[in-house]
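Listing of query-v7.cif; format and content: mmCIF, C-alpha atoms (C1' of nucleotides).
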```cif
data_model
#
loop_
_atom_site.label_atom_id
_atom_site.label_comp_id
_atom_site.auth_asym_id
_atom_site.auth_seq_id
_atom_site.Cartn_x
_atom_site.Cartn_y
_atom_site.Cartn_z
CA MET A 146 6.46 -37.99 20.65
CA PRO A 147 7.18 -34.36 21.43
CA VAL A 148 10.47 -33.28 19.90
CA GLY A 149 13.26 -32.16 22.19
CA THR A 150 16.20 -31.90 19.84
CA GLN A 151 18.57 -30.29 22.34
CA ALA A 152 17.50 -32.45 25.29
CA THR A 153 14.58 -30.17 26.02
CA VAL A 154 11.19 -29.74 24.48
CA LYS A 155 11.33 -26.04 23.65
CA GLY A 156 9.13 -24.08 26.00
CA LEU A 157 8.25 -26.90 28.40
CA ARG A 158 9.73 -28.03 31.66
CA ASN A 159 9.87 -31.77 32.17
CA GLU A 160 7.33 -31.36 34.97
CA ALA A 161 4.89 -30.02 32.41
CA LEU A 162 5.63 -32.86 29.99
CA GLU A 163 4.96 -35.37 32.75
CA GLU A 164 1.74 -33.63 33.68
CA LEU A 165 0.72 -33.68 30.03
CA GLY A 166 1.27 -37.42 29.93
CA ALA A 167 4.19 -37.55 27.52
CA GLU A 168 5.66 -41.05 27.77
CA ILE A 169 8.49 -40.61 25.33
CA ILE A 170 10.30 -37.69 23.78
CA LEU A 171 12.82 -37.26 21.01
CA ALA A 172 16.35 -35.99 21.19
CA ASN A 173 18.93 -35.61 18.48
CA THR A 174 22.27 -37.33 17.99
CA TYR A 175 23.84 -34.71 15.75
CA HIS A 176 22.89 -31.76 17.93
CA LEU A 177 23.84 -33.36 21.24
CA TYR A 178 27.09 -34.66 19.78
CA LEU A 179 28.06 -31.11 18.85
CA ARG A 180 26.82 -29.63 22.09
CA PRO A 181 27.34 -30.51 24.89
CA GLY A 182 28.99 -33.65 23.45
CA HIS A 183 27.95 -37.26 23.99
CA GLU A 184 30.97 -38.00 26.16
CA LEU A 185 30.05 -35.23 28.53
CA VAL A 186 26.48 -36.49 28.70
CA HIS A 187 27.82 -39.99 29.35
CA ARG A 188 30.01 -38.70 32.18
CA MET A 189 26.98 -36.94 33.61
CA GLY A 190 25.28 -40.29 33.93
CA GLY A 191 23.57 -40.52 30.56
CA LEU A 192 20.91 -38.45 28.87
CA HIS A 193 18.08 -39.41 31.21
CA LYS A 194 19.96 -38.31 34.27
CA PHE A 195 21.51 -35.31 32.57
CA MET A 196 18.15 -33.89 31.58
CA SER A 197 16.28 -35.36 34.53
CA TRP A 198 13.79 -37.31 32.49
CA ASP A 199 13.13 -40.89 33.52
CA ARG A 200 10.58 -41.73 30.89
CA ALA A 201 11.56 -42.96 27.46
CA ILE A 202 13.83 -41.15 25.00
CA LEU A 203 14.25 -41.85 21.33
CA THR A 204 17.30 -40.36 19.68
CA ASP A 205 17.24 -39.52 16.02
CA SER A 206 20.46 -40.39 14.25
CA GLY A 207 21.34 -37.20 12.43
CA GLY A 208 19.90 -38.58 9.20
CA PHE A 209 17.44 -35.74 9.04
CA GLN A 210 20.29 -33.25 9.30
CA VAL A 211 21.68 -34.81 6.13
CA PHE A 212 18.55 -33.35 4.57
CA SER A 213 18.00 -30.15 6.56
CA LEU A 214 21.66 -29.09 6.68
CA SER A 215 22.32 -30.11 3.11
CA GLU A 216 24.47 -27.06 2.47
CA LEU A 217 26.78 -27.92 5.34
CA ARG A 218 27.56 -31.54 4.58
CA LYS A 219 29.07 -33.92 2.05
CA ILE A 220 27.93 -37.50 1.73
CA ALA A 221 30.16 -40.42 0.92
CA ASP A 222 29.74 -44.15 1.41
CA GLU A 223 31.80 -43.94 4.55
CA GLY A 224 29.44 -41.45 6.19
CA VAL A 225 28.46 -37.80 6.26
CA ARG A 226 30.98 -35.06 6.70
CA PHE A 227 29.33 -32.10 8.44
CA ARG A 228 30.58 -28.61 8.89
CA SER A 229 29.19 -27.59 12.27
CA HIS A 230 26.46 -24.96 12.04
CA ILE A 231 27.76 -23.65 15.36
CA ASP A 232 31.47 -23.06 14.77
CA GLY A 233 32.21 -24.41 11.30
CA SER A 234 34.34 -27.29 12.56
CA GLU A 235 34.30 -30.52 10.55
CA HIS A 236 32.84 -33.77 11.81
CA LEU A 237 32.44 -37.16 10.24
CA LEU A 238 29.26 -38.95 11.16
CA THR A 239 29.37 -42.60 10.16
CA PRO A 240 26.71 -45.20 10.90
CA GLU A 241 29.00 -46.64 13.56
CA LYS A 242 29.68 -43.22 15.06
CA ALA A 243 25.97 -42.38 15.20
CA ALA A 244 25.34 -45.68 16.99
CA GLU A 245 28.23 -45.07 19.36
CA ILE A 246 26.98 -41.61 20.23
CA GLN A 247 23.50 -42.93 20.93
CA LEU A 248 24.88 -45.69 23.13
CA ALA A 249 26.80 -43.09 25.08
CA LEU A 250 23.68 -40.98 25.41
CA GLY A 251 21.85 -44.03 26.62
CA SER A 252 18.58 -43.41 24.86
CA ASP A 253 15.90 -46.10 24.90
CA ILE A 254 15.52 -46.20 21.16
CA ALA A 255 18.33 -45.38 18.76
CA MET A 256 17.88 -44.77 15.07
CA VAL A 257 20.34 -45.92 12.44
CA LEU A 258 21.99 -43.24 10.34
CA ASP A 259 20.09 -42.88 7.08
CA GLU A 260 20.21 -40.66 4.05
CA CYS A 261 17.06 -38.60 4.03
CA ILE A 262 16.43 -36.91 0.69
CA GLU A 263 13.84 -34.40 -0.47
CA THR A 264 10.75 -35.44 -2.38
CA PRO A 265 10.02 -35.56 -5.14
CA ALA A 266 13.45 -36.86 -6.06
CA PRO A 267 14.71 -38.43 -9.29
CA ARG A 268 14.81 -42.19 -9.34
CA ASP A 269 18.56 -42.57 -9.69
CA LYS A 270 19.18 -40.31 -6.73
CA THR A 271 16.61 -42.21 -4.71
CA GLU A 272 18.19 -45.52 -5.62
CA SER A 273 21.63 -44.46 -4.53
CA ALA A 274 20.35 -42.93 -1.27
CA LEU A 275 18.42 -46.12 -0.62
CA LYS A 276 21.40 -48.32 -1.33
CA ARG A 277 23.52 -46.28 1.02
CA THR A 278 20.84 -46.27 3.71
CA THR A 279 20.69 -50.05 3.62
CA GLN A 280 24.46 -50.41 3.76
CA TRP A 281 24.60 -47.98 6.64
CA ALA A 282 21.81 -49.86 8.42
CA ARG A 283 23.79 -53.07 8.07
CA ARG A 284 26.93 -51.46 9.45
CA ALA A 285 25.05 -49.76 12.28
CA ARG A 286 23.40 -53.03 13.22
CA LYS A 287 26.67 -54.91 13.18
CA TYR A 288 28.34 -52.30 15.35
CA PHE A 289 25.40 -52.25 17.74
CA LEU A 290 25.32 -56.03 18.15
CA GLU A 291 29.07 -56.17 18.70
CA GLN A 292 28.79 -53.57 21.41
CA GLN A 293 25.90 -55.43 22.93
CA GLU A 294 28.01 -58.57 22.97
CA CYS A 295 30.89 -56.72 24.48
CA LEU A 296 29.04 -54.61 27.05
CA GLY A 297 26.48 -57.22 28.03
CA ASP A 298 22.80 -56.54 28.49
CA LEU A 299 21.99 -53.34 26.66
CA LYS A 300 18.50 -52.02 27.12
CA GLN A 301 18.61 -49.84 24.07
CA TRP A 302 16.63 -50.73 20.96
CA GLN A 303 17.87 -49.89 17.52
CA PHE A 304 15.46 -49.12 14.68
CA GLY A 305 16.07 -49.29 10.95
CA ILE A 306 14.72 -46.63 8.61
CA VAL A 307 12.96 -47.30 5.33
CA GLN A 308 13.76 -44.88 2.53
CA GLY A 309 12.82 -44.85 -1.15
CA ALA A 310 11.23 -41.44 -1.65
CA THR A 311 8.00 -41.71 -3.64
CA PHE A 312 8.78 -44.93 -5.50
CA ALA A 313 6.59 -47.76 -4.22
CA ASP A 314 8.90 -50.50 -5.48
CA LEU A 315 11.93 -48.86 -3.87
CA ARG A 316 10.04 -48.47 -0.60
CA ARG A 317 9.24 -52.19 -0.68
CA GLU A 318 12.80 -53.05 -1.56
CA SER A 319 14.05 -50.94 1.33
CA ALA A 320 11.65 -52.60 3.76
CA HIS A 321 12.70 -56.08 2.63
CA GLN A 322 16.37 -55.28 3.04
CA LEU A 323 15.86 -53.93 6.54
CA LEU A 324 13.74 -56.91 7.52
CA GLU A 325 16.59 -59.10 6.48
CA ILE A 326 18.96 -57.20 8.76
CA ASP A 327 16.37 -57.61 11.52
CA PHE A 328 15.54 -54.74 13.83
CA PRO A 329 13.25 -54.65 16.88
CA GLY A 330 11.40 -51.77 15.25
CA TYR A 331 11.20 -50.01 11.92
CA ALA A 332 10.77 -46.43 10.88
CA VAL A 333 9.50 -44.92 7.68
CA GLY A 334 11.66 -41.95 6.87
CA GLY A 335 11.97 -39.38 4.13
CA LEU A 336 8.27 -38.59 3.97
CA ALA A 337 6.34 -35.34 4.43
CA VAL A 338 9.33 -33.52 3.01
CA GLY A 339 7.67 -32.06 -0.05
CA GLU A 340 5.35 -34.63 -1.59
CA PRO A 341 1.54 -34.34 -1.44
CA HIS A 342 -0.12 -35.87 1.59
CA GLU A 343 -1.83 -38.60 -0.44
CA VAL A 344 1.58 -39.77 -1.60
CA THR A 345 2.83 -39.82 1.98
CA CYS A 346 -0.07 -42.13 2.79
CA GLU A 347 0.51 -44.34 -0.25
CA MET A 348 4.16 -44.82 0.60
CA THR A 349 3.37 -45.46 4.25
CA ALA A 350 0.81 -48.09 3.27
CA GLU A 351 3.31 -49.82 0.99
CA VAL A 352 5.73 -50.15 3.86
CA THR A 353 3.40 -51.05 6.72
CA ALA A 354 2.00 -53.82 4.56
CA LEU A 355 5.40 -55.49 4.77
CA LEU A 356 6.54 -54.69 8.29
CA PRO A 357 5.49 -57.07 11.08
CA LYS A 358 2.67 -55.83 13.28
CA GLU A 359 4.39 -57.19 16.38
CA ARG A 360 7.20 -54.70 15.97
CA LEU A 361 6.93 -50.98 16.40
CA ARG A 362 6.37 -49.02 13.25
CA TYR A 363 7.41 -45.42 13.40
CA LEU A 364 6.56 -42.76 10.83
CA MET A 365 9.17 -40.08 11.20
CA GLY A 366 8.47 -36.39 11.36
CA VAL A 367 4.70 -36.23 10.99
CA GLY A 368 2.14 -34.75 11.06
CA LYS A 369 -0.64 -32.25 11.06
CA PRO A 370 -3.43 -32.92 13.57
CA GLU A 371 -5.87 -34.12 10.95
CA GLN A 372 -3.33 -36.54 9.47
CA ILE A 373 -2.37 -38.44 12.58
CA ALA A 374 -5.34 -40.79 12.75
CA GLU A 375 -4.86 -41.59 9.07
CA TYR A 376 -1.33 -42.72 9.72
CA VAL A 377 -2.46 -44.82 12.64
CA ALA A 378 -5.08 -46.40 10.40
CA LEU A 379 -2.26 -47.29 8.02
CA GLY A 380 -0.52 -49.22 10.79
CA ILE A 381 1.72 -46.59 12.31
CA ASP A 382 2.40 -46.85 16.07
CA MET A 383 4.71 -43.93 16.66
CA MET A 384 5.19 -40.45 15.26
CA ASP A 385 7.14 -37.39 16.17
CA CYS A 386 6.68 -33.87 14.92
CA VAL A 387 7.99 -30.39 15.63
CA LEU A 388 4.72 -28.89 14.47
CA PRO A 389 2.93 -28.60 17.82
CA THR A 390 5.93 -26.94 19.48
CA ARG A 391 7.15 -24.82 16.59
CA ALA A 392 3.70 -23.65 15.51
CA ALA A 393 2.98 -22.76 19.14
CA ARG A 394 6.03 -20.51 19.23
CA HIS A 395 4.73 -18.91 16.05
CA ALA A 396 1.33 -18.24 17.59
CA CYS A 397 -0.54 -21.04 15.85
CA LEU A 398 -2.75 -22.96 18.26
CA TYR A 399 -4.38 -26.26 17.38
CA THR A 400 -7.87 -26.68 18.74
CA SER A 401 -10.87 -28.96 18.52
CA GLN A 402 -12.35 -26.38 16.16
CA GLY A 403 -9.38 -25.97 13.87
CA ARG A 404 -6.36 -23.72 13.95
CA VAL A 405 -6.39 -20.50 15.92
CA LEU A 406 -3.86 -17.91 14.79
CA ILE A 407 -3.89 -16.19 18.11
CA LYS A 408 -2.13 -13.00 16.96
CA ASN A 409 -5.10 -12.10 14.76
CA ALA A 410 -6.76 -8.82 15.72
CA ARG A 411 -10.10 -10.62 16.08
CA TYR A 412 -8.93 -12.17 19.36
CA ALA A 413 -7.94 -8.88 20.99
CA GLN A 414 -11.01 -8.85 23.22
CA ASP A 415 -11.90 -12.53 23.16
CA GLN A 416 -12.42 -13.73 26.70
CA ASN A 417 -12.86 -17.37 25.70
CA PRO A 418 -10.16 -19.94 26.26
CA VAL A 419 -8.04 -20.95 23.28
CA ASP A 420 -10.14 -24.08 22.94
CA PRO A 421 -13.44 -24.22 24.84
CA ASN A 422 -13.36 -28.02 24.67
CA CYS A 423 -9.86 -28.35 26.06
CA THR A 424 -9.04 -29.38 29.61
CA CYS A 425 -5.41 -28.30 29.63
CA SER A 426 -4.22 -25.98 32.36
CA VAL A 427 -3.79 -23.12 29.89
CA CYS A 428 -7.32 -23.33 28.58
CA CYS A 429 -8.65 -23.67 32.13
CA ARG A 430 -7.11 -20.42 33.15
CA TYR A 431 -6.23 -17.98 30.38
CA SER A 432 -8.19 -16.15 27.69
CA ARG A 433 -7.45 -15.77 24.01
CA ALA A 434 -7.14 -12.02 24.57
CA TYR A 435 -4.44 -12.56 27.18
CA LEU A 436 -2.50 -15.01 25.03
CA ARG A 437 -2.69 -12.64 22.10
CA HIS A 438 -1.35 -9.88 24.31
CA LEU A 439 1.57 -12.05 25.43
CA PHE A 440 2.47 -12.73 21.80
CA ALA A 441 2.03 -9.09 20.83
CA THR A 442 4.41 -7.98 23.55
CA GLY A 443 6.91 -10.72 22.80
CA GLU A 444 6.79 -12.26 26.25
CA PHE A 445 8.24 -15.74 26.32
CA THR A 446 5.40 -16.94 28.48
CA ALA A 447 3.39 -16.72 25.26
CA ALA A 448 5.46 -19.54 23.78
CA VAL A 449 5.34 -21.51 27.02
CA LEU A 450 1.55 -21.40 27.27
CA ALA A 451 0.98 -22.00 23.57
CA THR A 452 3.37 -24.95 23.55
CA HIS A 453 1.73 -26.42 26.60
CA HIS A 454 -1.65 -26.28 24.93
CA ASN A 455 -0.48 -27.66 21.59
CA VAL A 456 1.38 -30.57 23.12
CA HIS A 457 -1.69 -31.32 25.23
CA PHE A 458 -3.78 -31.22 22.08
CA TYR A 459 -1.50 -33.63 20.23
CA LEU A 460 -1.23 -36.07 23.11
CA ASP A 461 -4.98 -35.87 23.50
CA ILE A 462 -5.41 -36.79 19.85
CA MET A 463 -3.42 -39.93 20.57
CA ARG A 464 -5.57 -40.71 23.62
CA GLN A 465 -8.70 -40.29 21.53
CA ILE A 466 -7.25 -42.50 18.82
CA ARG A 467 -6.56 -45.29 21.31
CA GLU A 468 -10.10 -45.00 22.58
CA ALA A 469 -11.52 -44.93 19.06
CA ILE A 470 -9.59 -48.08 18.23
CA GLU A 471 -10.99 -49.83 21.29
CA PHE A 472 -14.50 -48.97 20.21
CA GLY A 473 -13.88 -49.65 16.54
CA LYS A 474 -14.39 -46.03 15.58
CA LEU A 475 -11.02 -45.02 14.22
CA ALA A 476 -12.28 -44.30 10.71
CA LYS A 477 -15.04 -42.09 12.06
CA PHE A 478 -12.63 -40.17 14.28
CA SER A 479 -10.23 -39.74 11.40
CA SER A 480 -12.81 -38.28 9.04
CA GLU A 481 -14.11 -35.96 11.76
CA MET A 482 -10.64 -34.58 12.30
CA ARG A 483 -10.17 -34.03 8.59
CA ALA A 484 -13.51 -32.25 8.32
CA ARG A 485 -12.67 -29.98 11.24
CA TYR A 486 -9.41 -28.89 9.69
CA ALA A 487 -10.58 -28.75 6.08
CA ALA A 488 -11.93 -25.23 6.46
CA GLY A 489 -8.58 -23.70 7.43
CA PRO A 490 -8.07 -21.35 10.37
CA ALA A 491 -11.05 -21.20 12.73
"C1'" G B 100 17.81 39.42 22.58
"C1'" G B 101 22.01 36.66 19.92
"C1'" A B 102 24.64 32.06 17.65
"C1'" C B 103 24.23 27.48 15.80
"C1'" G B 104 21.51 22.78 14.78
"C1'" G B 105 16.93 20.71 13.36
"C1'" G B 106 11.49 19.98 11.69
"C1'" U B 107 10.38 13.59 6.48
"C1'" G B 108 4.94 8.55 6.24
"C1'" G B 109 1.79 5.62 13.12
"C1'" G B 110 7.22 5.77 15.57
"C1'" U B 111 12.75 5.99 15.09
"C1'" G B 112 15.32 7.71 10.97
"C1'" A B 113 17.91 7.74 5.64
"C1'" G B 114 17.51 10.82 1.57
"C1'" U B 115 20.20 17.18 -0.08
"C1'" G B 116 17.21 18.83 -7.99
"C1'" G B 117 14.62 13.95 -11.80
"C1'" C B 118 15.66 6.59 -10.96
"C1'" U B 119 11.10 9.05 -4.50
"C1'" A B 120 4.63 7.28 -2.46
"C1'" A B 121 10.05 8.35 -0.34
"C1'" A B 122 15.79 3.37 2.24
"C1'" A B 123 16.16 0.68 6.74
"C1'" C B 124 14.22 -0.74 11.29
"C1'" C B 125 9.96 -0.82 14.62
"C1'" A B 126 4.79 -0.90 15.19
"C1'" G B 127 0.28 -2.60 12.53
"C1'" C B 128 -2.31 -6.39 9.25
"C1'" A B 129 -2.25 -11.23 7.04
"C1'" G B 130 0.09 -15.90 5.97
"C1'" A B 131 3.57 -20.17 6.21
"C1'" C B 132 5.63 -23.79 9.40
"C1'" U B 133 5.50 -31.87 9.28
"C1'" G B 134 12.60 -37.09 12.10
"C1'" U B 135 13.91 -28.19 14.87
"C1'" A B 136 20.63 -24.02 12.12
"C1'" A B 137 13.23 -21.67 13.34
"C1'" A B 138 10.96 -17.01 19.97
"C1'" U B 139 11.85 -18.13 12.41
"C1'" C B 140 10.45 -16.85 7.55
"C1'" U B 141 7.13 -14.48 3.75
"C1'" G B 142 3.65 -10.83 1.88
"C1'" C B 143 0.96 -6.14 2.63
"C1'" C B 144 1.51 -1.51 4.94
"C1'" G B 145 -0.92 7.29 2.20
"C1'" C B 146 -5.99 7.62 -0.16
"C1'" U B 147 -8.60 6.21 -4.37
"C1'" C B 148 -10.32 4.25 -9.42
"C1'" C B 149 -10.53 0.49 -12.88
"C1'" U B 150 -9.97 -3.22 -18.01
"C1'" U B 151 -5.63 -5.50 -11.27
"C1'" G B 152 -1.14 -3.32 -14.75
"C1'" C B 153 6.27 -3.19 -13.20
"C1'" G B 154 -1.89 0.80 -14.64
"C1'" G B 155 -4.51 5.79 -13.79
"C1'" G B 156 -5.82 9.86 -10.48
"C1'" C B 157 -5.23 12.51 -5.92
"C1'" U B 158 -2.66 13.86 -1.47
"C1'" A B 159 2.26 13.94 1.10
"C1'" C B 160 8.46 15.49 3.56
"C1'" G B 161 6.44 22.26 9.58
"C1'" A B 162 3.47 26.66 6.79
"C1'" A B 163 3.08 30.07 2.80
"C1'" G B 164 5.26 31.97 -1.39
"C1'" G B 165 9.16 31.64 -5.21
"C1'" U B 166 13.18 29.56 -8.75
"C1'" U B 167 13.04 25.35 -12.33
"C1'" C B 168 10.78 21.51 -17.80
"C1'" G B 169 10.98 19.10 -12.81
"C1'" A B 170 11.59 20.46 -5.55
"C1'" A B 171 11.47 16.47 0.49
"C1'" U B 172 15.97 18.40 -1.75
"C1'" C B 173 17.56 25.48 -4.01
"C1'" C B 174 15.70 30.77 -2.43
"C1'" U B 175 12.45 34.12 0.77
"C1'" U B 176 9.32 34.92 4.89
"C1'" C B 177 6.89 32.90 8.91
"C1'" C B 178 5.88 29.06 12.82
"C1'" C B 179 7.79 25.45 15.98
"C1'" C B 180 11.77 22.33 18.64
"C1'" G B 181 16.84 21.56 20.71
"C1'" U B 182 21.73 23.27 22.38
"C1'" C B 183 24.79 27.25 23.71
"C1'" C B 184 25.71 32.67 24.78
"C1'" A B 185 23.64 37.12 27.13
#
```
Reformat the file's structure so that it appears as structure tokens.
Amino acid sequence: MPVGTQATVKGLRNEALEELGAEIILANTYHLYLRPGHELVHRMGGLHKFMSWDRAILTDSGGFQVFSLSELRKIADEGVRFRSHIDGSEHLLTPEKAAEIQLALGSDIAMVLDECIETPAPRDKTESALKRTTQWARRARKYFLEQQECLGDLKQWQFGIVQGATFADLRRESAHQLLEIDFPGYAVGGLAVGEPHEVTCEMTAEVTALLPKERLRYLMGVGKPEQIAEYVALGIDMMDCVLPTRAARHACLYTSQGRVLIKNARYAQDQNPVDPNCTCSVCCRYSRAYLRHLFATGEFTAAVLATHHNVHFYLDIMRQIREAIEFGKLAKFSSEMRARYAAGPA
RNA sequence: GGACGGGUGGGUGAGUGGCUAAAACCAGCAGACUGUAAAUCUGCCGCUCCUUGCGGGCUACGAAGGUUCGAAUCCUUCCCCGUCCA
């Protein structure tokens, strides 16, 4: 899932996303609540209409902002009190409020508010964050079901989020508690935020072992190209990551041959496409030398083209994974990807 | 011809006796980025040597001399550039 925090995937028009085959994108509750405001979006006919995107949208709850904006918020059992990073105003985000905002936005999948903490984290801190996340999930679910009752047939799905940092038993406990609450889909949160990749995999495996295969299992905020197939092999169905879009803006291109840091002087006269094996419209038309020049001169087309390529590359990885699964070759594909990226920049 | 002002590292531009191989910014080179406060952030950026150290040597603030223990900073002469006056 390409990430479009502010109701846009940075650097791409929706036409491009459609052409690239994106079926679902992410948007963010906290950010859209602050600006332009969920009520405004609701009045404009909902997020899909507002941003002119009729494919699926998943809205993150603001739980990640508990982690990333840690200096601007205070957590209590009631919810999270944020000081706006835009104008300093204070806002209380409760599990109910986060659900309400997402209902107003009208996303297809809403996430419950969770407390995402850094890893590694001490056990007592993890336990209290986990306890709170479960309580919040319960409250969010209750609110959501009441609204559903009250408003009739709601198409939106609500997902719970497993926490527990790097403690296997706490991860299992979290999963069990969420299963008890009963969600149509489950996410694994609070990973890839500091711990080694092997630990990310271990924790993911602990959780997917407990979550039902018939329901969607979503690993939040991952990953690097070479890690994606591994997560799928562990039972993950959905992922989102800012890496393809952010790295693109920072001149890092992902290719079939590894990373290409396109600003490097070595590409100044390179007439080859970014990735000779890529079929995206950027690789079909432009050279490495030209892309490097666009970055060197600070043209925003640089970011546009790079983002287009990277998102194509990521979505193509997913297409290849589906194909590999059909042919029973997922493990082989996964190890090939790891080998390709082991060497570092191409 | 005269009166002022000014010449600093690839660029812009601080510095007006020692803490200055010389601020800051830009350019250049390299790196990081994982539910986006990110078109962001970090490191290097005169040459050279080694035992790679808050190490040694050399060169450097228009040029050449001088004063001083010590000069980008003070003095002298010269050369450039800008503005104004004739």
Which residues would end up in the selection if the PyMOL selection byres ((chain A and resi 393) around 10) were applied here, given that I need the answer as a list in words? Gly156, Val387, Leu388, Pro389, Thr390, Arg391, Ala392, Arg394, His395, Ala396, Cys397, Leu398, Tyr399, Leu406, Ile407, Ala447, Ala448, Val449, Leu450, Ala451, Thr452, His453, His454, Asn455 and Val456 of chain A; A138 of chain B
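Residue nearest chain A, chosen from B:A131, B:A120, B:A102, B:A136 and counting only C-alpha atoms (C1' of nucleotides): B:A136.
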Residues of chain B near chain A: apply a cut-off of 10 Å, count all atoms listed in the file, and supply the list as JSON, numbers by chain. {"B": [127, 128, 129, 130, 131, 132, 133, 134, 135, 136, 137, 138, 139]}
As JSON, numbers by chain, please: the residues near G109 (chain B) (cut-off 12 Å, only C-alpha atoms (C1' of nucleotides), same-chain neighbours under 4 positions excluded). {"B": [125, 126, 127, 144, 145]}
Using the chain letters and numbering of this document, enumerate as a PyMOL selection string the residues selected by the PyMOL selection byres ((chain A and resi 178-190) around 12). chain A and resi 150-152+172-177+191-198+204-207+227-238+242-252
Applying the PyMOL selection byres ((chain B and resi 178) around 12) to the file I just gave you, which residues come out? Please list them as an mmCIF file with C-alpha atoms (C1' of nucleotides), in the coordinates of the input.
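Okay, this is what ended up in out.cif:
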```cif
data_model
loop_
_atom_site.group_PDB
_atom_site.id
_atom_site.type_symbol
_atom_site.label_atom_id
_atom_site.label_comp_id
_atom_site.auth_asym_id
_atom_site.auth_seq_id
_atom_site.Cartn_x
_atom_site.Cartn_y
_atom_site.Cartn_z
ATOM 1 C "C1'" G B 106 11.490 19.980 11.690
ATOM 2 C "C1'" G B 161 6.440 22.260 9.580
ATOM 3 C "C1'" A B 162 3.470 26.660 6.790
ATOM 4 C "C1'" A B 163 3.080 30.070 2.800
ATOM 5 C "C1'" U B 176 9.320 34.920 4.890
ATOM 6 C "C1'" C B 177 6.890 32.900 8.910
ATOM 7 C "C1'" C B 179 7.790 25.450 15.980
ATOM 8 C "C1'" C B 180 11.770 22.330 18.640
#
```
Kindly compute an axis-aligned box around the listed atoms of region 199-203 of chain A, allowing 6 Å on each side, and express its centre and edge lengths in Å to one decimal as JSON.
```
{"center_x": 12.4, "center_y": -41.9, "center_z": 27.4, "size_x": 15.7, "size_y": 14.1, "size_z": 24.2}
```
Please list as a CSV table (one decimal) with C-alpha atoms, keeping the file's coordinate frame every residue within 9 Å of Pro329 (chain A), counting only C-alpha atoms (C1' of nucleotides) and excluding residues in the same chain fewer than 6 positions away.
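File written: result-v4.csv
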```csv
chain,number,residue,atom,x,y,z
A,302,TRP,CA,16.6,-50.7,21.0
A,303,GLN,CA,17.9,-49.9,17.5
A,304,PHE,CA,15.5,-49.1,14.7
A,305,GLY,CA,16.1,-49.3,11.0
A,360,ARG,CA,7.2,-54.7,16.0
A,361,LEU,CA,6.9,-51.0,16.4
```
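Protein, DNA and RNA residues at most 6 Å from (2.6, -36.4, 20.1), with all atoms listed in the file, are these: Met146, Pro147, Tyr459 and Leu460 of chain A.
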Would you output that residue set with C-alpha atoms, as an mmCIF file, keeping the file's coordinate frame?
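Final file, selection-v3.cif:
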```cif
data_model
loop_
_atom_site.group_PDB
_atom_site.id
_atom_site.type_symbol
_atom_site.label_atom_id
_atom_site.label_comp_id
_atom_site.auth_asym_id
_atom_site.auth_seq_id
_atom_site.Cartn_x
_atom_site.Cartn_y
_atom_site.Cartn_z
ATOM 1 C CA MET A 146 6.460 -37.990 20.650
ATOM 2 C CA PRO A 147 7.180 -34.360 21.430
ATOM 3 C CA TYR A 459 -1.500 -33.630 20.230
ATOM 4 C CA LEU A 460 -1.230 -36.070 23.110
#
```
